[in-house]
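Participant: This is the structure, below, for whatever I ask next.
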Amino acid sequence: MRELTCIARGREGQWEAICLDFNIAVSGNSFEQVRDMLSEAITFYIRDAMQEDERTREQLLNRRAPFWSRLQWKIG
């Protein structure tokens, strides 16, 4: 099992979350909502990636958010 770096931030009524390892982002009204939405999005992403040929699968499963996005999320 692989450990993923995911970050959520926000305040009442306005939340966003991102999986920095796959560059998948969601937004919603609560922490719980974005947590669940991001978990579901990651699950579907991995499931779909696993159906691809080996080269494409490796590219998809090693797709990180761009450096500046990662930096913004970690310090922002």
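Ligands are numbered from 1 in the order shown, residues from 1 within each chain, and chains are lettered A, B, ... in the order they appear in the structure tokens.
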So that I can see what lies close to A:Tyr45, please list as JSON, numbers by chain the residues with an atom at most 9 Å from it, counting only C-alpha atoms and leaving out residues fewer than 2 positions away in the same chain.
Facilitator: {"A": [22, 24, 40, 41, 42, 43, 47, 48, 49, 50, 60, 61]}
Participant: Show me, as an NGL selection string, the residues that have an atom within 12 Å of stretch 25-27 of chain A when counting only C-alpha atoms, minus same-chain residues fewer than 3 positions from it.
Facilitator: :A and (6-11 or 13-22 or 30-42 or 45 or 64-65 or 69-70 or 73)
Participant: If you run DSSP on this backbone, which residues of chain A come out as helix (DSSP H, G or I), and could you give them as a ChimeraX atom specification?
Facilitator: /A:31-49,54-61,67-75
Participant: So what do you get for atom CA of A:Glu52 versus atom CA of A:Glu3, distance-wise?
Facilitator: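 Straight-line distance from atom CA of A:Glu52 to atom CA of A:Glu3 works out to 21.7 Å.
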